[in-house]
$ cat query30.txt   # compact mmCIF, C-alpha atoms
# COMPACT_ATOMS: atom_id res chain seq x y z
CA MET A 1 89.91 9.52 -63.77
CA PHE A 2 86.92 7.96 -65.48
CA GLU A 3 83.55 9.55 -65.89
CA VAL A 4 80.90 7.81 -63.81
CA GLY A 5 78.35 6.34 -66.17
CA LEU A 6 75.56 3.83 -66.43
CA VAL A 7 77.82 0.77 -66.35
CA HIS A 8 79.33 1.79 -63.02
CA TYR A 9 75.93 1.94 -61.36
CA LEU A 10 74.91 -1.34 -62.96
CA GLY A 11 78.15 -2.93 -61.77
CA LEU A 12 77.53 -1.69 -58.25
CA GLY A 13 74.03 -3.13 -58.45
CA ALA A 14 75.43 -6.47 -59.62
CA VAL A 15 77.87 -6.57 -56.69
CA LEU A 16 75.08 -5.78 -54.23
CA MET A 17 72.92 -8.47 -55.79
CA ALA A 18 75.74 -11.03 -55.52
CA CYS A 19 76.31 -10.12 -51.87
CA GLY A 20 72.60 -10.52 -51.19
CA ILE A 21 72.45 -13.89 -52.90
CA PHE A 22 75.50 -15.09 -50.99
CA THR A 23 73.93 -13.93 -47.72
CA VAL A 24 70.63 -15.67 -48.43
CA LEU A 25 72.28 -18.92 -49.51
CA SER A 26 74.93 -19.18 -46.79
CA ARG A 27 72.91 -18.43 -43.65
CA ARG A 28 70.54 -20.34 -41.45
CA ASN A 29 69.54 -17.34 -39.34
CA ALA A 30 66.22 -16.07 -40.68
CA ILE A 31 66.97 -12.45 -39.80
CA VAL A 32 70.28 -12.40 -41.69
CA ILE A 33 68.47 -13.97 -44.65
CA LEU A 34 66.08 -11.02 -44.49
CA MET A 35 69.06 -8.65 -44.59
CA GLY A 36 70.25 -10.39 -47.76
CA ILE A 37 66.83 -9.92 -49.31
CA GLU A 38 66.99 -6.21 -48.47
CA LEU A 39 70.36 -6.00 -50.24
CA MET A 40 68.91 -7.60 -53.35
CA LEU A 41 65.91 -5.25 -53.36
CA ASN A 42 68.28 -2.30 -53.08
CA ALA A 43 70.33 -3.56 -56.00
CA ALA A 44 67.20 -3.76 -58.16
CA ALA A 45 66.04 -0.30 -57.14
CA LEU A 46 69.47 1.16 -57.85
CA ASN A 47 69.37 -0.30 -61.35
CA PHE A 48 65.95 1.22 -61.99
CA VAL A 49 67.11 4.66 -60.92
CA ALA A 50 70.31 4.41 -62.97
CA PHE A 51 68.35 3.44 -66.09
CA ASN A 52 65.98 6.30 -65.37
CA ARG A 53 68.84 8.79 -65.29
CA TYR A 54 70.85 7.56 -68.24
CA ILE A 55 68.32 6.10 -70.69
CA THR A 56 64.75 7.30 -70.22
CA ASP A 57 63.18 10.67 -69.67
CA GLY A 58 60.88 11.50 -66.81
CA ILE A 59 60.86 9.81 -63.42
CA THR A 60 59.33 6.41 -64.22
CA GLY A 61 62.31 4.48 -62.86
CA GLN A 62 62.31 6.49 -59.66
CA LEU A 63 58.61 5.76 -59.22
CA VAL A 64 59.32 2.04 -59.54
CA ALA A 65 62.08 2.42 -56.95
CA VAL A 66 59.63 4.08 -54.56
CA PHE A 67 57.24 1.15 -54.98
CA ILE A 68 60.14 -1.25 -54.37
CA ILE A 69 60.82 0.54 -51.08
CA VAL A 70 57.14 0.25 -50.15
CA ILE A 71 57.14 -3.47 -50.93
CA ALA A 72 60.34 -3.88 -48.92
CA ALA A 73 58.77 -2.17 -45.92
CA ALA A 74 55.69 -4.38 -46.05
CA GLU A 75 57.84 -7.47 -46.55
CA ALA A 76 60.11 -6.62 -43.63
CA ALA A 77 57.17 -6.03 -41.29
CA VAL A 78 55.38 -9.27 -42.16
CA ALA A 79 58.55 -11.36 -42.30
CA LEU A 80 59.77 -10.16 -38.92
CA ALA A 81 56.34 -10.82 -37.44
CA ILE A 82 56.56 -14.38 -38.78
CA VAL A 83 60.11 -14.74 -37.43
CA LEU A 84 58.99 -13.57 -33.99
CA THR A 85 56.12 -16.05 -34.02
CA ILE A 86 58.49 -18.83 -35.08
CA PHE A 87 60.86 -17.86 -32.28
CA ARG A 88 58.02 -17.97 -29.76
CA ASN A 89 57.01 -21.45 -30.87
CA PHE A 90 60.39 -23.03 -31.57
CA GLN A 91 62.82 -20.94 -29.46
CA THR A 92 65.06 -20.66 -32.51
CA VAL A 93 65.30 -18.68 -35.73
CA GLN A 94 67.53 -21.20 -37.51
CA VAL A 95 65.50 -22.01 -40.60
CA ASN A 96 66.73 -25.61 -40.79
CA GLN A 97 65.37 -26.39 -37.31
CA VAL A 98 61.88 -25.16 -38.12
CA ASP A 99 60.57 -28.35 -39.70
CA ARG A 100 57.21 -28.95 -38.05
CA LEU A 101 53.84 -27.49 -38.91
CA ARG A 102 52.29 -28.36 -35.57
CA ARG A 103 53.62 -27.54 -32.16
CA MET B 1 87.21 14.97 -61.15
CA ILE B 2 86.38 15.41 -57.51
CA SER B 3 82.87 13.98 -57.98
CA THR B 4 84.29 10.75 -59.36
CA VAL B 5 86.53 10.39 -56.31
CA ILE B 6 83.59 10.96 -53.98
CA TRP B 7 81.50 8.50 -56.00
CA CYS B 8 84.23 5.88 -55.65
CA LEU B 9 84.39 6.46 -51.89
CA PHE B 10 80.65 5.93 -51.52
CA ALA B 11 80.65 2.95 -53.89
CA GLY B 12 83.51 1.43 -51.91
CA MET B 13 81.63 1.98 -48.66
CA THR B 14 78.53 0.34 -50.14
CA VAL B 15 80.43 -2.69 -51.39
CA MET B 16 82.49 -3.15 -48.23
CA ALA B 17 79.38 -2.90 -46.07
CA ALA B 18 77.54 -5.38 -48.29
CA LEU B 19 80.49 -7.75 -48.03
CA ALA B 20 80.36 -7.33 -44.24
CA VAL B 21 76.68 -8.32 -44.31
CA ALA B 22 77.56 -11.34 -46.43
CA THR B 23 80.51 -12.57 -44.36
CA SER B 24 80.21 -11.38 -40.76
CA LYS B 25 79.37 -14.05 -38.23
CA ASN B 26 77.93 -11.58 -35.74
CA VAL B 27 74.30 -10.73 -36.44
CA VAL B 28 74.62 -7.22 -35.03
CA HIS B 29 77.65 -6.56 -37.24
CA CYS B 30 75.53 -7.71 -40.19
CA GLY B 31 72.89 -5.16 -39.18
CA PHE B 32 75.39 -2.31 -39.05
CA GLY B 33 76.88 -3.43 -42.36
CA LEU B 34 73.39 -3.21 -43.82
CA LEU B 35 73.09 0.31 -42.36
CA PHE B 36 76.17 1.56 -44.19
CA SER B 37 75.23 -0.28 -47.36
CA LEU B 38 71.81 1.38 -47.41
CA LEU B 39 73.38 4.78 -46.75
CA GLY B 40 75.76 4.17 -49.65
CA VAL B 41 72.82 3.38 -51.94
CA CYS B 42 71.21 6.60 -50.69
CA ALA B 43 74.35 8.48 -51.77
CA MET B 44 74.06 6.81 -55.18
CA TYR B 45 70.50 8.15 -55.44
CA VAL B 46 71.86 11.63 -54.72
CA PHE B 47 74.43 11.22 -57.47
CA LEU B 48 71.64 10.11 -59.81
CA GLY B 49 69.61 13.22 -59.05
CA ALA B 50 66.83 11.39 -57.19
CA ASP B 51 66.41 13.69 -54.21
CA PHE B 52 62.99 12.47 -53.06
CA LEU B 53 64.12 8.87 -53.37
CA ALA B 54 67.27 9.55 -51.33
CA ALA B 55 65.21 11.06 -48.51
CA THR B 56 62.77 8.14 -48.70
CA GLN B 57 65.65 5.70 -48.56
CA VAL B 58 66.96 7.23 -45.34
CA ILE B 59 63.53 7.56 -43.71
CA VAL B 60 62.05 4.20 -44.67
CA TYR B 61 65.09 1.95 -44.89
CA VAL B 62 67.50 3.32 -42.32
CA GLY B 63 64.88 4.72 -40.01
CA GLY B 64 62.29 2.00 -40.40
CA ILE B 65 63.32 -1.32 -41.81
CA LEU B 66 66.78 -1.40 -40.24
CA VAL B 67 65.43 -0.51 -36.80
CA LEU B 68 62.79 -3.21 -37.29
CA ILE B 69 65.49 -5.75 -38.17
CA LEU B 70 67.61 -4.79 -35.16
CA PHE B 71 64.51 -5.15 -32.97
CA GLY B 72 64.11 -8.58 -34.51
CA VAL B 73 67.71 -9.43 -33.63
CA MET B 74 67.24 -8.30 -30.06
CA MET B 75 63.90 -10.06 -29.58
CA THR B 76 64.86 -13.40 -31.08
CA HIS B 77 67.94 -13.98 -28.95
CA ARG B 78 67.73 -14.65 -25.28
CA ILE B 79 68.92 -11.74 -23.21
CA THR B 80 71.37 -13.97 -21.39
CA ALA B 81 72.90 -15.37 -24.54
CA THR B 82 76.02 -13.40 -25.36
CA ASP B 83 76.73 -14.94 -28.73
CA LEU B 84 74.63 -13.52 -31.54
CA LYS B 85 76.29 -15.90 -33.94
CA SER B 86 75.19 -16.83 -37.41
CA GLU B 87 77.52 -19.41 -38.87
CA LEU B 88 78.14 -19.62 -42.57
CA VAL B 89 76.80 -22.88 -43.94
CA GLN B 90 77.63 -24.27 -47.37
CA PRO B 91 79.87 -21.26 -48.08
CA VAL B 92 81.50 -22.82 -51.13
CA ALA B 93 78.24 -23.56 -52.92
CA ALA B 94 76.86 -20.13 -52.02
CA LEU B 95 80.06 -18.48 -53.22
CA ILE B 96 79.87 -20.35 -56.53
CA ALA B 97 76.27 -19.24 -57.05
CA ALA B 98 76.96 -15.62 -56.11
CA VAL B 99 80.11 -15.38 -58.24
CA ALA B 100 78.28 -17.00 -61.16
CA ILE B 101 75.51 -14.40 -60.91
CA LEU B 102 78.08 -11.62 -60.61
CA VAL B 103 80.15 -12.78 -63.58
CA LEU B 104 77.09 -13.26 -65.77
CA SER B 105 75.67 -9.87 -64.81
CA VAL B 106 78.91 -7.96 -65.29
CA GLY B 107 79.61 -9.74 -68.55
CA MET B 108 76.16 -8.84 -69.81
CA ILE B 109 76.52 -5.23 -68.63
CA LEU B 110 79.88 -4.82 -70.40
CA GLU B 111 78.80 -6.57 -73.57
CA GLN B 112 75.51 -4.78 -74.01
CA VAL B 113 75.57 -1.54 -75.96
CA TRP B 114 73.35 0.70 -73.85
CA PRO B 115 71.31 3.38 -75.58
CA ALA B 116 72.51 6.71 -74.27
CA LYS B 117 70.86 10.07 -74.15
CA GLU B 118 72.51 12.87 -76.05
CA HIS B 119 72.99 14.85 -72.89
CA LEU B 120 71.79 14.12 -69.39
CA ASP B 121 68.86 16.01 -67.94
CA PRO B 122 69.86 18.76 -65.55
CA ILE B 123 69.37 17.69 -61.96
CA THR B 124 66.19 19.32 -60.72
CA PRO B 125 63.92 18.68 -57.74
CA THR B 126 61.69 15.69 -58.45
CA THR B 127 59.06 16.08 -55.73
CA HIS B 128 56.63 17.97 -57.94
CA ALA B 129 56.82 15.34 -60.66
CA PHE B 130 56.35 12.64 -58.01
CA GLY B 131 53.23 14.26 -56.65
CA VAL B 132 51.72 14.72 -60.09
CA SER B 133 52.56 11.15 -61.13
CA PHE B 134 51.17 9.59 -57.97
CA LEU B 135 47.83 11.32 -58.37
CA THR B 136 47.46 10.92 -62.14
CA ASP B 137 49.20 8.19 -64.12
CA TYR B 138 50.20 6.08 -61.14
CA LEU B 139 47.09 6.51 -59.03
CA PHE B 140 46.20 2.82 -59.01
CA PRO B 141 49.65 1.56 -57.95
CA PHE B 142 49.74 4.33 -55.36
CA GLU B 143 46.42 3.33 -53.83
CA PHE B 144 47.30 -0.33 -54.13
CA ALA B 145 50.53 0.28 -52.22
CA SER B 146 48.52 2.09 -49.53
CA VAL B 147 46.19 -0.88 -49.12
CA LEU B 148 49.16 -3.28 -49.19
CA LEU B 149 50.86 -1.38 -46.37
CA LEU B 150 47.66 -1.36 -44.34
CA VAL B 151 47.19 -5.10 -44.84
CA ALA B 152 50.83 -5.77 -43.93
CA LEU B 153 50.50 -3.63 -40.81
CA ILE B 154 47.35 -5.41 -39.63
CA GLY B 155 48.77 -8.79 -40.53
CA ALA B 156 52.02 -8.17 -38.68
CA ALA B 157 50.15 -6.97 -35.60
CA MET B 158 47.87 -10.02 -35.72
CA PHE B 159 50.78 -12.43 -36.07
CA THR B 160 52.66 -11.15 -33.08
CA ARG B 161 49.81 -10.89 -30.61
CA ASP B 162 50.43 -12.96 -27.52
CA SER B 163 47.23 -14.89 -28.01
CA ALA B 164 47.83 -15.60 -31.67
CA GLY B 165 46.43 -18.99 -32.54
CA GLU B 166 45.26 -19.91 -29.05
CA ASP B 167 42.37 -18.09 -27.43
CA SER B 168 41.66 -15.84 -30.34
CA ASP B 169 37.91 -16.24 -30.06
CA HIS B 170 37.60 -12.79 -28.56
CA VAL B 171 39.21 -10.17 -30.72

$ encode --input "query30.txt" --output "structure tokens"
Amino acid sequence: MFEVGLVHYLGLGAVLMACGIFTVLSRRNAIVILMGIELMLNAAALNFVAFNRYITDGITGQLVAVFIIVIAAAEAAVALAIVLTIFRNFQTVQVNQVDRLRR
Amino acid sequence: MISTVIWCLFAGMTVMAALAVATSKNVVHCGFGLLFSLLGVCAMYVFLGADFLAATQVIVYVGGILVLILFGVMMTHRITATDLKSELVQPVAALIAAVAILVLSVGMILEQVWPAKEHLDPITPTTHAFGVSFLTDYLFPFEFASVLLLVALIGAAMFTRDSAGEDSDHV
């Protein structure tokens, strides 16, 4: 068996990023698009932590990952609030049907 | 190499769940795929010796964001509607873009000669270092993140009030 190293974590991060990009590009449902964004944020955070373990000393990469999680939480809260408001006004969350600024 | 086998199991779970998020037509299935993907990333944090981060991942992502997203799914579909469908649109173009990103990233990862440490640090608890960092070198980002969360909380609550935008003269 191989020894798990930096490239394996980076490869996993790349796969997660690709899945997230595919999700964001191939959906019209705003909530599933949000899920794709969460996948991409996780891929980035995983890369930071892997670099932190294998290249740098200290915990700088882990600190960045914590801030990524904080940003993701704030983003999810605000984005879902916007999605709920859109649903209340348009009765849909399909992003291609939300094409008016007024009611 | 039992740890490598376990790593592969968790990595496989992460990738399969992420693929389920990317391809499932049922929104709830997407949500549960995201759950297992986030748990797999949490396991990766454990393998990388990031104990505090792994706990944070479970508490904030699985316990917070995922529940929030599932609430969003439930609240944005009519109760009577039985199909929580999300069709794939333009799958070919999206697949081309995603595969292009993947190929470029993996090619770059394999080609690059990464600087490596002589020997890895022993895995030790990181909470003490986190506490010290947050209150010394990273005090400003820490406080900024606090204010950001507060603003996001207030903003989200304001957005979703029933009277948002209409009779908001009285607060």

$ atom_distance --input "query30.txt" --atom1 "atom CA of B:Glu111" --atom2 "atom CA of B:Ile123"
28.5 Å

$ atom_distance --input "query30.txt" --atom1 "atom CA of A:Gly58" --atom2 "atom CA of A:Ala14"
24.2 Å

$ closest_residue --input "query30.txt" --among "A:Ile71, A:Leu46, A:Met35, A:Val15" --to "B:Val103" --atoms "all atoms listed in the file"
A:Val15

$ closest_residue --input "query30.txt" --among "B:Met75, B:Cys30, B:Met16, B:Ala11" --to "A:Leu10" --atoms "only C-alpha atoms"
B:Ala11

$ closest_residue --input "query30.txt" --among "B:Ala54, B:Ala20, B:Ile96, B:Val41" --to "A:Gln62" --atoms "all atoms listed in the file"
B:Ala54
